[in-house]
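**Q** Next comes query.pdb, PDB, C-alpha atoms:
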```pdb
ATOM      1  CA  MET A   7     -33.782  36.144   5.297  1.00  0.00           C
ATOM      2  CA  LYS A   8     -34.918  37.942   8.469  1.00  0.00           C
ATOM      3  CA  SER A   9     -38.612  37.250   8.038  1.00  0.00           C
ATOM      4  CA  ARG A  10     -37.891  33.560   7.424  1.00  0.00           C
ATOM      5  CA  ARG A  11     -36.040  33.352  10.695  1.00  0.00           C
ATOM      6  CA  ASP A  12     -38.920  34.998  12.532  1.00  0.00           C
ATOM      7  CA  VAL A  13     -41.345  32.527  11.021  1.00  0.00           C
ATOM      8  CA  PHE A  14     -39.062  29.699  11.960  1.00  0.00           C
ATOM      9  CA  GLN A  15     -38.897  30.850  15.572  1.00  0.00           C
ATOM     10  CA  ALA A  16     -42.642  31.343  15.604  1.00  0.00           C
ATOM     11  CA  ILE A  17     -43.351  27.730  14.728  1.00  0.00           C
ATOM     12  CA  ALA A  18     -40.569  26.357  16.951  1.00  0.00           C
ATOM     13  CA  ASP A  19     -42.799  27.020  19.981  1.00  0.00           C
ATOM     14  CA  PRO A  20     -44.997  24.015  20.920  1.00  0.00           C
ATOM     15  CA  THR A  21     -48.013  26.156  21.962  1.00  0.00           C
ATOM     16  CA  ARG A  22     -47.948  28.081  18.721  1.00  0.00           C
ATOM     17  CA  ARG A  23     -47.685  24.825  16.779  1.00  0.00           C
ATOM     18  CA  ALA A  24     -50.740  23.586  18.665  1.00  0.00           C
ATOM     19  CA  ILE A  25     -52.618  26.793  17.787  1.00  0.00           C
ATOM     20  CA  LEU A  26     -51.737  26.310  14.119  1.00  0.00           C
ATOM     21  CA  THR A  27     -52.956  22.712  14.252  1.00  0.00           C
ATOM     22  CA  LEU A  28     -56.218  23.855  15.817  1.00  0.00           C
ATOM     23  CA  LEU A  29     -56.795  26.594  13.254  1.00  0.00           C
ATOM     24  CA  ALA A  30     -55.912  24.276  10.398  1.00  0.00           C
ATOM     25  CA  VAL A  31     -59.252  22.564  10.999  1.00  0.00           C
ATOM     26  CA  GLN A  32     -61.468  25.626  11.455  1.00  0.00           C
ATOM     27  CA  ALA A  33     -61.410  29.405  11.826  1.00  0.00           C
ATOM     28  CA  LEU A  34     -61.830  30.482  15.473  1.00  0.00           C
ATOM     29  CA  THR A  35     -62.028  33.618  17.597  1.00  0.00           C
ATOM     30  CA  PRO A  36     -59.098  34.223  20.004  1.00  0.00           C
ATOM     31  CA  GLY A  37     -61.404  33.320  22.909  1.00  0.00           C
ATOM     32  CA  ALA A  38     -62.346  30.000  21.330  1.00  0.00           C
ATOM     33  CA  VAL A  39     -58.652  29.229  20.725  1.00  0.00           C
ATOM     34  CA  ALA A  40     -57.816  30.040  24.361  1.00  0.00           C
ATOM     35  CA  ASP A  41     -60.539  27.656  25.580  1.00  0.00           C
ATOM     36  CA  ASN A  42     -58.371  24.825  24.252  1.00  0.00           C
ATOM     37  CA  PHE A  43     -55.374  25.737  26.407  1.00  0.00           C
ATOM     38  CA  LYS A  44     -54.546  25.955  30.083  1.00  0.00           C
ATOM     39  CA  SER A  45     -52.609  29.199  29.529  1.00  0.00           C
ATOM     40  CA  SER A  46     -54.273  32.568  30.130  1.00  0.00           C
ATOM     41  CA  ARG A  47     -56.166  34.344  27.355  1.00  0.00           C
ATOM     42  CA  GLN A  48     -53.471  37.031  27.336  1.00  0.00           C
ATOM     43  CA  THR A  49     -50.761  34.440  26.702  1.00  0.00           C
ATOM     44  CA  ILE A  50     -52.714  32.810  23.874  1.00  0.00           C
ATOM     45  CA  SER A  51     -53.546  36.217  22.460  1.00  0.00           C
ATOM     46  CA  LYS A  52     -49.826  37.061  22.392  1.00  0.00           C
ATOM     47  CA  HIS A  53     -49.092  33.794  20.537  1.00  0.00           C
ATOM     48  CA  ILE A  54     -51.823  34.573  17.998  1.00  0.00           C
ATOM     49  CA  GLN A  55     -50.371  38.044  17.540  1.00  0.00           C
ATOM     50  CA  ILE A  56     -46.894  36.630  16.797  1.00  0.00           C
ATOM     51  CA  LEU A  57     -48.325  34.108  14.329  1.00  0.00           C
ATOM     52  CA  THR A  58     -50.305  36.864  12.618  1.00  0.00           C
ATOM     53  CA  GLU A  59     -47.244  39.125  12.391  1.00  0.00           C
ATOM     54  CA  CYS A  60     -45.407  36.287  10.650  1.00  0.00           C
ATOM     55  CA  GLU A  61     -48.372  35.961   8.280  1.00  0.00           C
ATOM     56  CA  LEU A  62     -48.966  32.380   9.355  1.00  0.00           C
ATOM     57  CA  LEU A  63     -52.493  33.406  10.379  1.00  0.00           C
ATOM     58  CA  LYS A  64     -55.034  35.590   8.633  1.00  0.00           C
ATOM     59  CA  GLN A  65     -57.896  37.557  10.185  1.00  0.00           C
ATOM     60  CA  GLU A  66     -61.463  37.505   8.985  1.00  0.00           C
ATOM     61  CA  GLN A  67     -64.170  39.841  10.228  1.00  0.00           C
ATOM     62  CA  ASN A  68     -67.488  38.107  10.831  1.00  0.00           C
ATOM     63  CA  GLY A  69     -70.030  40.529  12.304  1.00  0.00           C
ATOM     64  CA  ARG A  70     -68.475  41.865  15.509  1.00  0.00           C
ATOM     65  CA  GLU A  71     -66.103  38.932  15.905  1.00  0.00           C
ATOM     66  CA  ILE A  72     -62.646  38.506  14.437  1.00  0.00           C
ATOM     67  CA  TYR A  73     -61.847  34.970  13.360  1.00  0.00           C
ATOM     68  CA  TYR A  74     -58.337  33.648  12.806  1.00  0.00           C
ATOM     69  CA  LEU A  75     -57.454  31.090  10.181  1.00  0.00           C
ATOM     70  CA  ILE A  76     -54.376  29.518   8.646  1.00  0.00           C
ATOM     71  CA  ASN A  77     -52.581  31.331   5.858  1.00  0.00           C
ATOM     72  CA  ALA A  78     -52.042  28.232   3.733  1.00  0.00           C
ATOM     73  CA  LYS A  79     -49.508  29.739   1.364  1.00  0.00           C
ATOM     74  CA  LYS A  80     -47.189  30.911   4.112  1.00  0.00           C
ATOM     75  CA  MET A  81     -47.546  27.597   5.950  1.00  0.00           C
ATOM     76  CA  LYS A  82     -46.369  25.769   2.878  1.00  0.00           C
ATOM     77  CA  ASP A  83     -43.285  28.013   2.623  1.00  0.00           C
ATOM     78  CA  VAL A  84     -42.388  27.211   6.213  1.00  0.00           C
ATOM     79  CA  ALA A  85     -42.956  23.486   5.856  1.00  0.00           C
ATOM     80  CA  ASP A  86     -40.665  23.560   2.844  1.00  0.00           C
ATOM     81  CA  PHE A  87     -38.110  25.501   4.869  1.00  0.00           C
ATOM     82  CA  ILE A  88     -37.678  23.018   7.749  1.00  0.00           C
ATOM     83  CA  GLU A  89     -38.352  20.003   5.599  1.00  0.00           C
ATOM     84  CA  PRO A  90     -34.826  19.768   4.096  1.00  0.00           C
ATOM     85  CA  PHE A  91     -33.285  19.304   7.558  1.00  0.00           C
ATOM     86  CA  ARG A  92     -35.811  16.618   8.490  1.00  0.00           C
ATOM     87  CA  LYS A  93     -35.469  15.002   5.073  1.00  0.00           C
ATOM     88  CA  MET A  94     -31.680  14.848   5.412  1.00  0.00           C
ATOM     89  CA  TRP A  95     -31.988  12.855   8.638  1.00  0.00           C
ATOM     90  CA  ASP A  96     -34.876  10.783   7.318  1.00  0.00           C
ATOM     91  CA  ASP A  97     -32.842   9.763   4.249  1.00  0.00           C
ATOM     92  CA  ARG A  98     -29.859   8.886   6.432  1.00  0.00           C
ATOM     93  CA  PHE A  99     -31.982   6.747   8.781  1.00  0.00           C
ATOM     94  CA  ASN A 100     -33.789   5.060   5.870  1.00  0.00           C
ATOM     95  CA  LYS A 101     -30.400   4.048   4.565  1.00  0.00           C
ATOM     96  CA  LEU A 102     -29.400   2.730   7.997  1.00  0.00           C
ATOM     97  CA  GLU A 103     -32.611   0.709   8.129  1.00  0.00           C
ATOM     98  CA  ASN A 104     -32.067  -0.775   4.682  1.00  0.00           C
ATOM     99  CA  VAL A 105     -28.444  -1.662   5.383  1.00  0.00           C
ATOM    100  CA  MET A 106     -29.310  -3.348   8.680  1.00  0.00           C
ATOM    101  CA  LYS A 107     -32.174  -5.383   7.237  1.00  0.00           C
ATOM    102  CA  LYS A 108     -29.509  -7.441   5.453  1.00  0.00           C
ATOM    103  CA  TYR A 109     -28.112  -8.427   8.849  1.00  0.00           C
ATOM    104  CA  LYS A 110     -31.488  -9.668  10.083  1.00  0.00           C
ATOM    105  CA  SER A 111     -31.405 -13.420  10.389  1.00  0.00           C
TER     106      SER A 111
ATOM    107  CA  MET B  17     -47.979  13.302  11.087  1.00  0.00           C
ATOM    108  CA  GLY B  18     -47.049   9.674  10.555  1.00  0.00           C
ATOM    109  CA  LEU B  19     -43.488  10.715   9.788  1.00  0.00           C
ATOM    110  CA  LYS B  20     -40.852   8.237  10.917  1.00  0.00           C
ATOM    111  CA  THR B  21     -38.258  10.914  11.600  1.00  0.00           C
ATOM    112  CA  LYS B  22     -39.253  13.918  13.705  1.00  0.00           C
ATOM    113  CA  ILE B  23     -37.416  17.099  14.599  1.00  0.00           C
ATOM    114  CA  ASP B  24     -38.249  18.973  17.769  1.00  0.00           C
ATOM    115  CA  ALA B  25     -36.607  22.388  17.996  1.00  0.00           C
ATOM    116  CA  GLU B  26     -38.092  24.699  20.596  1.00  0.00           C
ATOM    117  CA  GLU B  27     -37.795  28.435  20.207  1.00  0.00           C
ATOM    118  CA  GLY B  28     -34.845  30.100  21.871  1.00  0.00           C
ATOM    119  CA  LYS B  29     -33.136  26.852  22.883  1.00  0.00           C
ATOM    120  CA  GLN B  30     -29.677  25.808  21.799  1.00  0.00           C
ATOM    121  CA  ASP B  31     -30.528  22.160  21.342  1.00  0.00           C
ATOM    122  CA  LEU B  32     -32.814  20.054  19.217  1.00  0.00           C
ATOM    123  CA  VAL B  33     -34.137  16.514  19.413  1.00  0.00           C
ATOM    124  CA  ILE B  34     -34.344  14.103  16.519  1.00  0.00           C
ATOM    125  CA  THR B  35     -36.453  10.981  17.026  1.00  0.00           C
ATOM    126  CA  ARG B  36     -36.807   8.031  14.719  1.00  0.00           C
ATOM    127  CA  GLU B  37     -38.532   4.679  14.986  1.00  0.00           C
ATOM    128  CA  PHE B  38     -36.893   1.801  13.152  1.00  0.00           C
ATOM    129  CA  ASP B  39     -38.225  -1.493  11.826  1.00  0.00           C
ATOM    130  CA  LEU B  40     -35.174  -3.094  13.388  1.00  0.00           C
ATOM    131  CA  PRO B  41     -34.502  -4.929  16.643  1.00  0.00           C
ATOM    132  CA  LEU B  42     -32.639  -2.753  19.160  1.00  0.00           C
ATOM    133  CA  GLU B  43     -29.425  -4.789  18.813  1.00  0.00           C
ATOM    134  CA  LEU B  44     -29.274  -4.215  15.048  1.00  0.00           C
ATOM    135  CA  LEU B  45     -29.938  -0.495  15.393  1.00  0.00           C
ATOM    136  CA  PHE B  46     -27.123  -0.184  17.911  1.00  0.00           C
ATOM    137  CA  LYS B  47     -24.780  -2.300  15.787  1.00  0.00           C
ATOM    138  CA  ALA B  48     -25.243   0.229  12.956  1.00  0.00           C
ATOM    139  CA  TYR B  49     -23.481   2.807  15.145  1.00  0.00           C
ATOM    140  CA  VAL B  50     -20.649   0.565  16.272  1.00  0.00           C
ATOM    141  CA  GLU B  51     -19.292  -1.489  13.358  1.00  0.00           C
ATOM    142  CA  PRO B  52     -17.047   0.697  11.156  1.00  0.00           C
ATOM    143  CA  GLU B  53     -17.880  -1.113   7.899  1.00  0.00           C
ATOM    144  CA  ILE B  54     -21.609  -0.723   8.601  1.00  0.00           C
ATOM    145  CA  VAL B  55     -21.275   2.965   9.511  1.00  0.00           C
ATOM    146  CA  GLU B  56     -19.466   3.443   6.185  1.00  0.00           C
ATOM    147  CA  GLN B  57     -22.403   1.918   4.304  1.00  0.00           C
ATOM    148  CA  TRP B  58     -25.193   4.092   5.658  1.00  0.00           C
ATOM    149  CA  MET B  59     -23.268   7.288   6.368  1.00  0.00           C
ATOM    150  CA  GLY B  60     -21.621   7.178   2.947  1.00  0.00           C
ATOM    151  CA  THR B  61     -18.318   8.112   4.533  1.00  0.00           C
ATOM    152  CA  LYS B  62     -14.953   6.492   5.113  1.00  0.00           C
ATOM    153  CA  VAL B  63     -14.330   5.550   8.747  1.00  0.00           C
ATOM    154  CA  LEU B  64     -10.683   6.262   9.560  1.00  0.00           C
ATOM    155  CA  LYS B  65     -11.172   5.490  13.235  1.00  0.00           C
ATOM    156  CA  LEU B  66     -14.094   4.442  15.430  1.00  0.00           C
ATOM    157  CA  GLU B  67     -13.403   3.455  19.015  1.00  0.00           C
ATOM    158  CA  SER B  68     -16.739   2.646  20.616  1.00  0.00           C
ATOM    159  CA  LYS B  69     -15.839   2.980  24.288  1.00  0.00           C
ATOM    160  CA  LYS B  70     -15.480   5.619  26.982  1.00  0.00           C
ATOM    161  CA  HIS B  71     -12.514   7.909  26.190  1.00  0.00           C
ATOM    162  CA  GLY B  72     -12.562   6.545  22.640  1.00  0.00           C
ATOM    163  CA  SER B  73     -12.651   8.742  19.566  1.00  0.00           C
ATOM    164  CA  TYR B  74     -13.697   8.630  15.943  1.00  0.00           C
ATOM    165  CA  HIS B  75     -12.692  10.166  12.645  1.00  0.00           C
ATOM    166  CA  PHE B  76     -14.721  10.157   9.412  1.00  0.00           C
ATOM    167  CA  GLU B  77     -13.707  11.330   5.965  1.00  0.00           C
ATOM    168  CA  THR B  78     -15.841  11.767   2.838  1.00  0.00           C
ATOM    169  CA  SER B  79     -14.453  12.164  -0.673  1.00  0.00           C
ATOM    170  CA  ASP B  80     -16.135  13.195  -3.916  1.00  0.00           C
ATOM    171  CA  PRO B  81     -16.087  10.820  -6.931  1.00  0.00           C
ATOM    172  CA  GLN B  82     -12.796  12.419  -8.065  1.00  0.00           C
ATOM    173  CA  GLY B  83     -11.177  11.453  -4.761  1.00  0.00           C
ATOM    174  CA  ASN B  84     -10.985  14.937  -3.262  1.00  0.00           C
ATOM    175  CA  VAL B  85     -11.740  15.038   0.444  1.00  0.00           C
ATOM    176  CA  VAL B  86     -14.863  17.156   0.867  1.00  0.00           C
ATOM    177  CA  PHE B  87     -15.757  16.493   4.477  1.00  0.00           C
ATOM    178  CA  ARG B  88     -13.952  15.465   7.652  1.00  0.00           C
ATOM    179  CA  ALA B  89     -15.548  14.997  11.039  1.00  0.00           C
ATOM    180  CA  ASN B  90     -14.268  13.813  14.402  1.00  0.00           C
ATOM    181  CA  GLY B  91     -15.281  13.526  18.005  1.00  0.00           C
ATOM    182  CA  VAL B  92     -14.710  11.818  21.321  1.00  0.00           C
ATOM    183  CA  VAL B  93     -16.897   9.319  23.146  1.00  0.00           C
ATOM    184  CA  HIS B  94     -17.913  10.227  26.703  1.00  0.00           C
ATOM    185  CA  GLU B  95     -20.399   7.483  27.486  1.00  0.00           C
ATOM    186  CA  PHE B  96     -20.881   4.115  25.868  1.00  0.00           C
ATOM    187  CA  SER B  97     -23.514   1.633  27.092  1.00  0.00           C
ATOM    188  CA  PRO B  98     -24.271  -1.124  24.552  1.00  0.00           C
ATOM    189  CA  ASN B  99     -27.894  -1.100  23.318  1.00  0.00           C
ATOM    190  CA  GLU B 100     -28.593   1.873  25.549  1.00  0.00           C
ATOM    191  CA  LYS B 101     -26.691   5.068  24.930  1.00  0.00           C
ATOM    192  CA  ILE B 102     -23.782   6.875  23.366  1.00  0.00           C
ATOM    193  CA  THR B 103     -22.704  10.358  24.414  1.00  0.00           C
ATOM    194  CA  ARG B 104     -20.195  11.973  22.107  1.00  0.00           C
ATOM    195  CA  THR B 105     -18.966  15.202  20.578  1.00  0.00           C
ATOM    196  CA  PHE B 106     -19.130  15.948  16.865  1.00  0.00           C
ATOM    197  CA  GLU B 107     -16.964  18.419  15.013  1.00  0.00           C
ATOM    198  CA  MET B 108     -16.869  19.208  11.309  1.00  0.00           C
ATOM    199  CA  GLU B 109     -13.279  20.030  10.423  1.00  0.00           C
ATOM    200  CA  ASN B 110     -12.366  23.163   8.465  1.00  0.00           C
ATOM    201  CA  THR B 111     -15.763  24.767   8.953  1.00  0.00           C
ATOM    202  CA  PRO B 112     -16.790  27.741  11.092  1.00  0.00           C
ATOM    203  CA  PHE B 113     -19.195  25.500  13.041  1.00  0.00           C
ATOM    204  CA  PRO B 114     -18.236  24.880  16.682  1.00  0.00           C
ATOM    205  CA  VAL B 115     -18.141  21.380  18.146  1.00  0.00           C
ATOM    206  CA  GLN B 116     -21.534  20.000  19.221  1.00  0.00           C
ATOM    207  CA  LEU B 117     -22.566  17.556  21.937  1.00  0.00           C
ATOM    208  CA  GLU B 118     -24.723  14.564  21.056  1.00  0.00           C
ATOM    209  CA  PHE B 119     -26.769  12.335  23.366  1.00  0.00           C
ATOM    210  CA  LEU B 120     -27.958   9.200  21.608  1.00  0.00           C
ATOM    211  CA  GLU B 121     -30.484   7.002  23.388  1.00  0.00           C
ATOM    212  CA  PHE B 122     -31.501   3.625  22.022  1.00  0.00           C
ATOM    213  CA  GLU B 123     -34.770   2.025  23.105  1.00  0.00           C
ATOM    214  CA  LYS B 124     -36.480  -1.275  22.447  1.00  0.00           C
ATOM    215  CA  LEU B 125     -40.105  -0.853  21.345  1.00  0.00           C
ATOM    216  CA  THR B 126     -40.971  -4.435  20.389  1.00  0.00           C
ATOM    217  CA  ASP B 127     -38.834  -7.452  19.420  1.00  0.00           C
ATOM    218  CA  ASP B 128     -38.658  -6.070  15.877  1.00  0.00           C
ATOM    219  CA  THR B 129     -38.799  -2.325  16.367  1.00  0.00           C
ATOM    220  CA  SER B 130     -36.675   0.230  18.164  1.00  0.00           C
ATOM    221  CA  LYS B 131     -36.358   3.947  18.696  1.00  0.00           C
ATOM    222  CA  LEU B 132     -33.466   6.370  18.568  1.00  0.00           C
ATOM    223  CA  THR B 133     -33.644   9.702  20.399  1.00  0.00           C
ATOM    224  CA  MET B 134     -30.817  12.027  19.519  1.00  0.00           C
ATOM    225  CA  GLN B 135     -30.379  15.286  21.410  1.00  0.00           C
ATOM    226  CA  ILE B 136     -27.867  17.681  19.902  1.00  0.00           C
ATOM    227  CA  VAL B 137     -26.598  20.633  21.943  1.00  0.00           C
ATOM    228  CA  TYR B 138     -25.045  23.557  20.074  1.00  0.00           C
ATOM    229  CA  LYS B 139     -22.788  26.371  21.286  1.00  0.00           C
ATOM    230  CA  SER B 140     -25.577  28.951  20.999  1.00  0.00           C
ATOM    231  CA  VAL B 141     -29.173  29.425  19.852  1.00  0.00           C
ATOM    232  CA  ALA B 142     -27.869  31.145  16.727  1.00  0.00           C
ATOM    233  CA  HIS B 143     -25.597  28.201  15.900  1.00  0.00           C
ATOM    234  CA  ARG B 144     -28.477  25.764  16.276  1.00  0.00           C
ATOM    235  CA  ASP B 145     -30.719  27.812  14.013  1.00  0.00           C
ATOM    236  CA  GLN B 146     -27.916  28.049  11.490  1.00  0.00           C
ATOM    237  CA  MET B 147     -27.499  24.258  11.435  1.00  0.00           C
ATOM    238  CA  LEU B 148     -31.265  23.806  11.063  1.00  0.00           C
ATOM    239  CA  GLN B 149     -31.251  26.105   8.079  1.00  0.00           C
ATOM    240  CA  LEU B 150     -28.143  24.615   6.476  1.00  0.00           C
ATOM    241  CA  PRO B 151     -29.844  21.884   4.391  1.00  0.00           C
ATOM    242  CA  PHE B 152     -32.390  24.459   3.240  1.00  0.00           C
ATOM    243  CA  ALA B 153     -29.599  26.802   2.163  1.00  0.00           C
ATOM    244  CA  GLN B 154     -27.727  23.926   0.506  1.00  0.00           C
ATOM    245  CA  GLY B 155     -30.908  22.994  -1.348  1.00  0.00           C
ATOM    246  CA  LEU B 156     -31.136  26.552  -2.642  1.00  0.00           C
ATOM    247  CA  ASN B 157     -27.475  26.464  -3.661  1.00  0.00           C
ATOM    248  CA  MET B 158     -27.915  23.159  -5.451  1.00  0.00           C
ATOM    249  CA  ALA B 159     -30.951  24.489  -7.287  1.00  0.00           C
ATOM    250  CA  HIS B 160     -28.945  27.571  -8.161  1.00  0.00           C
ATOM    251  CA  ASN B 161     -25.998  25.499  -9.382  1.00  0.00           C
ATOM    252  CA  ARG B 162     -28.262  23.303 -11.485  1.00  0.00           C
ATOM    253  CA  LEU B 163     -29.718  26.438 -13.001  1.00  0.00           C
ATOM    254  CA  GLN B 164     -26.193  27.703 -13.636  1.00  0.00           C
ATOM    255  CA  ASP B 165     -25.310  24.398 -15.373  1.00  0.00           C
ATOM    256  CA  VAL B 166     -28.337  24.675 -17.621  1.00  0.00           C
ATOM    257  CA  VAL B 167     -27.570  28.299 -18.413  1.00  0.00           C
ATOM    258  CA  ASN B 168     -23.931  27.450 -19.171  1.00  0.00           C
ATOM    259  CA  LYS B 169     -25.002  24.752 -21.622  1.00  0.00           C
ATOM    260  CA  LEU B 170     -27.136  27.291 -23.450  1.00  0.00           C
ATOM    261  CA  LYS B 171     -24.147  29.558 -24.012  1.00  0.00           C
TER     262      LYS B 171
END
```
What does this structure look like when you write it as structure tokens?

**A**
Amino acid sequence: MKSRRDVFQAIADPTRRAILTLLAVQALTPGAVADNFKSSRQTISKHIQILTECELLKQEQNGREIYYLINAKKMKDVADFIEPFRKMWDDRFNKLENVMKKYKS
Amino acid sequence: MGLKTKIDAEEGKQDLVITREFDLPLELLFKAYVEPEIVEQWMGTKVLKLESKKHGSYHFETSDPQGNVVFRANGVVHEFSPNEKITRTFEMENTPFPVQLEFLEFEKLTDDTSKLTMQIVYKSVAHRDQMLQLPFAQGLNMAHNRLQDVVNKLK
């Protein structure tokens, strides 16, 4: 259960979510990731390190450069993990919407 | 993206924000939180008391199909501005979960659409994370129970 919690906290951070979104499209070097943010390279590097420790990111050596990319399998686990909470509220609100549509004149 | 209901839970904070856009005029969305018989319909719970005013309080009770009470919740209303906001507490009775504070803000988007922003503040970061994980854990339990049912039938 511990590792799940760490993953959950990792993706709760808006910057780290933005990094994941960025790397979902293409593999990038840490420097290229940092170019997309106002934060310092050190800060972004720390975020990448946390995401890698949680196995949300994978490394790939390409010549002298290290590229980071999304670990799709782990990402799916996490999406599944938060999804029930969101789904619970979504279901509840869908019901509200349906009930209230009857009151629309 | 494109999800109608969104959850925003920042790391290390003891609150979370739920946002939802409705295909309903603001007045109808707000009404869904005020009229007891309407609340009963979409919450799937019995409304024992619902006083929608400052210093008012509410009490909900949910029973299983056999009539056993499975869930009771109550709270008090701190702020009540029609079509604008409700500030209230929420407590699940007979559970280890502490009372939580809820800020509900209702917004008009267009004549036919509206938005609800619900901020929930928990006693601690750990309590918030626990509540976030609860439906996940319940899902696991339900899957486990279903499995148990199937296994029992095989016996």

**Q** Quick one: residues within 8 Å of (-52.3, 32.3, 18.8) (file frame), counting only C-alpha atoms, please, as a list in words.

**A**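 Returned residue set, sorted by chain then number, is Arg22, Ile25, Leu26, Pro36, Val39, Ile50, Ser51, Lys52, His53, Ile54, Gln55, Ile56, Leu57 and Thr58 of chain A.
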
**Q** On this file, the PyMOL selection byres ((chain B and resi 101) around 9) gives some set of residues; write that set as a PyMOL selection string.

**A** chain B and resi 46+95-100+102-103+119-123

**Q** May I have the residues from that selection written out with C-alpha atoms, as a CSV table (one decimal), in the frame of the given file?

**A**
```csv
chain,number,residue,atom,x,y,z
B,46,PHE,CA,-27.1,-0.2,17.9
B,95,GLU,CA,-20.4,7.5,27.5
B,96,PHE,CA,-20.9,4.1,25.9
B,97,SER,CA,-23.5,1.6,27.1
B,98,PRO,CA,-24.3,-1.1,24.6
B,99,ASN,CA,-27.9,-1.1,23.3
B,100,GLU,CA,-28.6,1.9,25.5
B,102,ILE,CA,-23.8,6.9,23.4
B,103,THR,CA,-22.7,10.4,24.4
B,119,PHE,CA,-26.8,12.3,23.4
B,120,LEU,CA,-28.0,9.2,21.6
B,121,GLU,CA,-30.5,7.0,23.4
B,122,PHE,CA,-31.5,3.6,22.0
B,123,GLU,CA,-34.8,2.0,23.1
```

**Q** Kindly resolve the ChimeraX specification (/B :<12) & /A on the present coordinates and return the residues as a PDB file with C-alpha atoms, in the frame of the given file.

**A**
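Okay, this is what ended up in expr.pdb:
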```pdb
ATOM      1  CA  MET A   7     -33.782  36.144   5.297  1.00  0.00           C
ATOM      2  CA  ARG A  10     -37.891  33.560   7.424  1.00  0.00           C
ATOM      3  CA  ARG A  11     -36.040  33.352  10.695  1.00  0.00           C
ATOM      4  CA  ASP A  12     -38.920  34.998  12.532  1.00  0.00           C
ATOM      5  CA  VAL A  13     -41.345  32.527  11.021  1.00  0.00           C
ATOM      6  CA  PHE A  14     -39.062  29.699  11.960  1.00  0.00           C
ATOM      7  CA  GLN A  15     -38.897  30.850  15.572  1.00  0.00           C
ATOM      8  CA  ALA A  16     -42.642  31.343  15.604  1.00  0.00           C
ATOM      9  CA  ILE A  17     -43.351  27.730  14.728  1.00  0.00           C
ATOM     10  CA  ALA A  18     -40.569  26.357  16.951  1.00  0.00           C
ATOM     11  CA  ASP A  19     -42.799  27.020  19.981  1.00  0.00           C
ATOM     12  CA  PRO A  20     -44.997  24.015  20.920  1.00  0.00           C
ATOM     13  CA  THR A  21     -48.013  26.156  21.962  1.00  0.00           C
ATOM     14  CA  ARG A  22     -47.948  28.081  18.721  1.00  0.00           C
ATOM     15  CA  ARG A  23     -47.685  24.825  16.779  1.00  0.00           C
ATOM     16  CA  THR A  27     -52.956  22.712  14.252  1.00  0.00           C
ATOM     17  CA  ASP A  83     -43.285  28.013   2.623  1.00  0.00           C
ATOM     18  CA  VAL A  84     -42.388  27.211   6.213  1.00  0.00           C
ATOM     19  CA  ALA A  85     -42.956  23.486   5.856  1.00  0.00           C
ATOM     20  CA  ASP A  86     -40.665  23.560   2.844  1.00  0.00           C
ATOM     21  CA  PHE A  87     -38.110  25.501   4.869  1.00  0.00           C
ATOM     22  CA  ILE A  88     -37.678  23.018   7.749  1.00  0.00           C
ATOM     23  CA  GLU A  89     -38.352  20.003   5.599  1.00  0.00           C
ATOM     24  CA  PRO A  90     -34.826  19.768   4.096  1.00  0.00           C
ATOM     25  CA  PHE A  91     -33.285  19.304   7.558  1.00  0.00           C
ATOM     26  CA  ARG A  92     -35.811  16.618   8.490  1.00  0.00           C
ATOM     27  CA  LYS A  93     -35.469  15.002   5.073  1.00  0.00           C
ATOM     28  CA  MET A  94     -31.680  14.848   5.412  1.00  0.00           C
ATOM     29  CA  TRP A  95     -31.988  12.855   8.638  1.00  0.00           C
ATOM     30  CA  ASP A  96     -34.876  10.783   7.318  1.00  0.00           C
ATOM     31  CA  ASP A  97     -32.842   9.763   4.249  1.00  0.00           C
ATOM     32  CA  ARG A  98     -29.859   8.886   6.432  1.00  0.00           C
ATOM     33  CA  PHE A  99     -31.982   6.747   8.781  1.00  0.00           C
ATOM     34  CA  ASN A 100     -33.789   5.060   5.870  1.00  0.00           C
ATOM     35  CA  LYS A 101     -30.400   4.048   4.565  1.00  0.00           C
ATOM     36  CA  LEU A 102     -29.400   2.730   7.997  1.00  0.00           C
ATOM     37  CA  GLU A 103     -32.611   0.709   8.129  1.00  0.00           C
ATOM     38  CA  ASN A 104     -32.067  -0.775   4.682  1.00  0.00           C
ATOM     39  CA  VAL A 105     -28.444  -1.662   5.383  1.00  0.00           C
ATOM     40  CA  MET A 106     -29.310  -3.348   8.680  1.00  0.00           C
ATOM     41  CA  LYS A 107     -32.174  -5.383   7.237  1.00  0.00           C
ATOM     42  CA  LYS A 108     -29.509  -7.441   5.453  1.00  0.00           C
ATOM     43  CA  TYR A 109     -28.112  -8.427   8.849  1.00  0.00           C
ATOM     44  CA  LYS A 110     -31.488  -9.668  10.083  1.00  0.00           C
ATOM     45  CA  SER A 111     -31.405 -13.420  10.389  1.00  0.00           C
TER      46      SER A 111
END
```

**Q** Could you write out as AutoDock Vina command-line options the box around range 49-61 of chain B (axis-aligned, all atoms listed in the file, 8 Å on each side), with centre and edge lengths in Å to one decimal?

**A**
```
--center_x -21.1 --center_y 3.3 --center_z 9.6 --size_x 24.1 --size_y 25.6 --size_z 29.3
```

**Q** Hey, can you check how far CA of Tyr74 in chain B sits from CA of Ala142 in chain B?

**A**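 Calculated distance between CA of Tyr74 in chain B and CA of Ala142 in chain B is 26.6 Å.
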
**Q** Would you work out the distance separating CA of Gln116 in chain B from CA of Val137 in chain B, expressed in Å to one decimal?

**A** 5.8 Å

**Q** Can you translate the PyMOL selection byres ((chain B and resi 69) around 8) into the concrete residues it hits in this file, as a count of residues only?

**A** 9

**Q** Excluding same-chain residues fewer than 6 positions from Phe113 in chain B, what lies within 10 Å of it counting only C-alpha atoms, as a list in words?

**A**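 Those residues are Glu107, Tyr138, Lys139, His143, Arg144, Gln146 and Met147 of chain B.
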
**Q** Include C-alpha atoms and write out the residues we just selected as a short mmCIF file (atom, residue, chain, number, x, y, z; two decimals), in the frame of the given file.

**A**
```cif
data_model
loop_
_atom_site.label_atom_id
_atom_site.label_comp_id
_atom_site.auth_asym_id
_atom_site.auth_seq_id
_atom_site.Cartn_x
_atom_site.Cartn_y
_atom_site.Cartn_z
CA GLU B 107 -16.96 18.42 15.01
CA TYR B 138 -25.04 23.56 20.07
CA LYS B 139 -22.79 26.37 21.29
CA HIS B 143 -25.60 28.20 15.90
CA ARG B 144 -28.48 25.76 16.28
CA GLN B 146 -27.92 28.05 11.49
CA MET B 147 -27.50 24.26 11.44
#
```
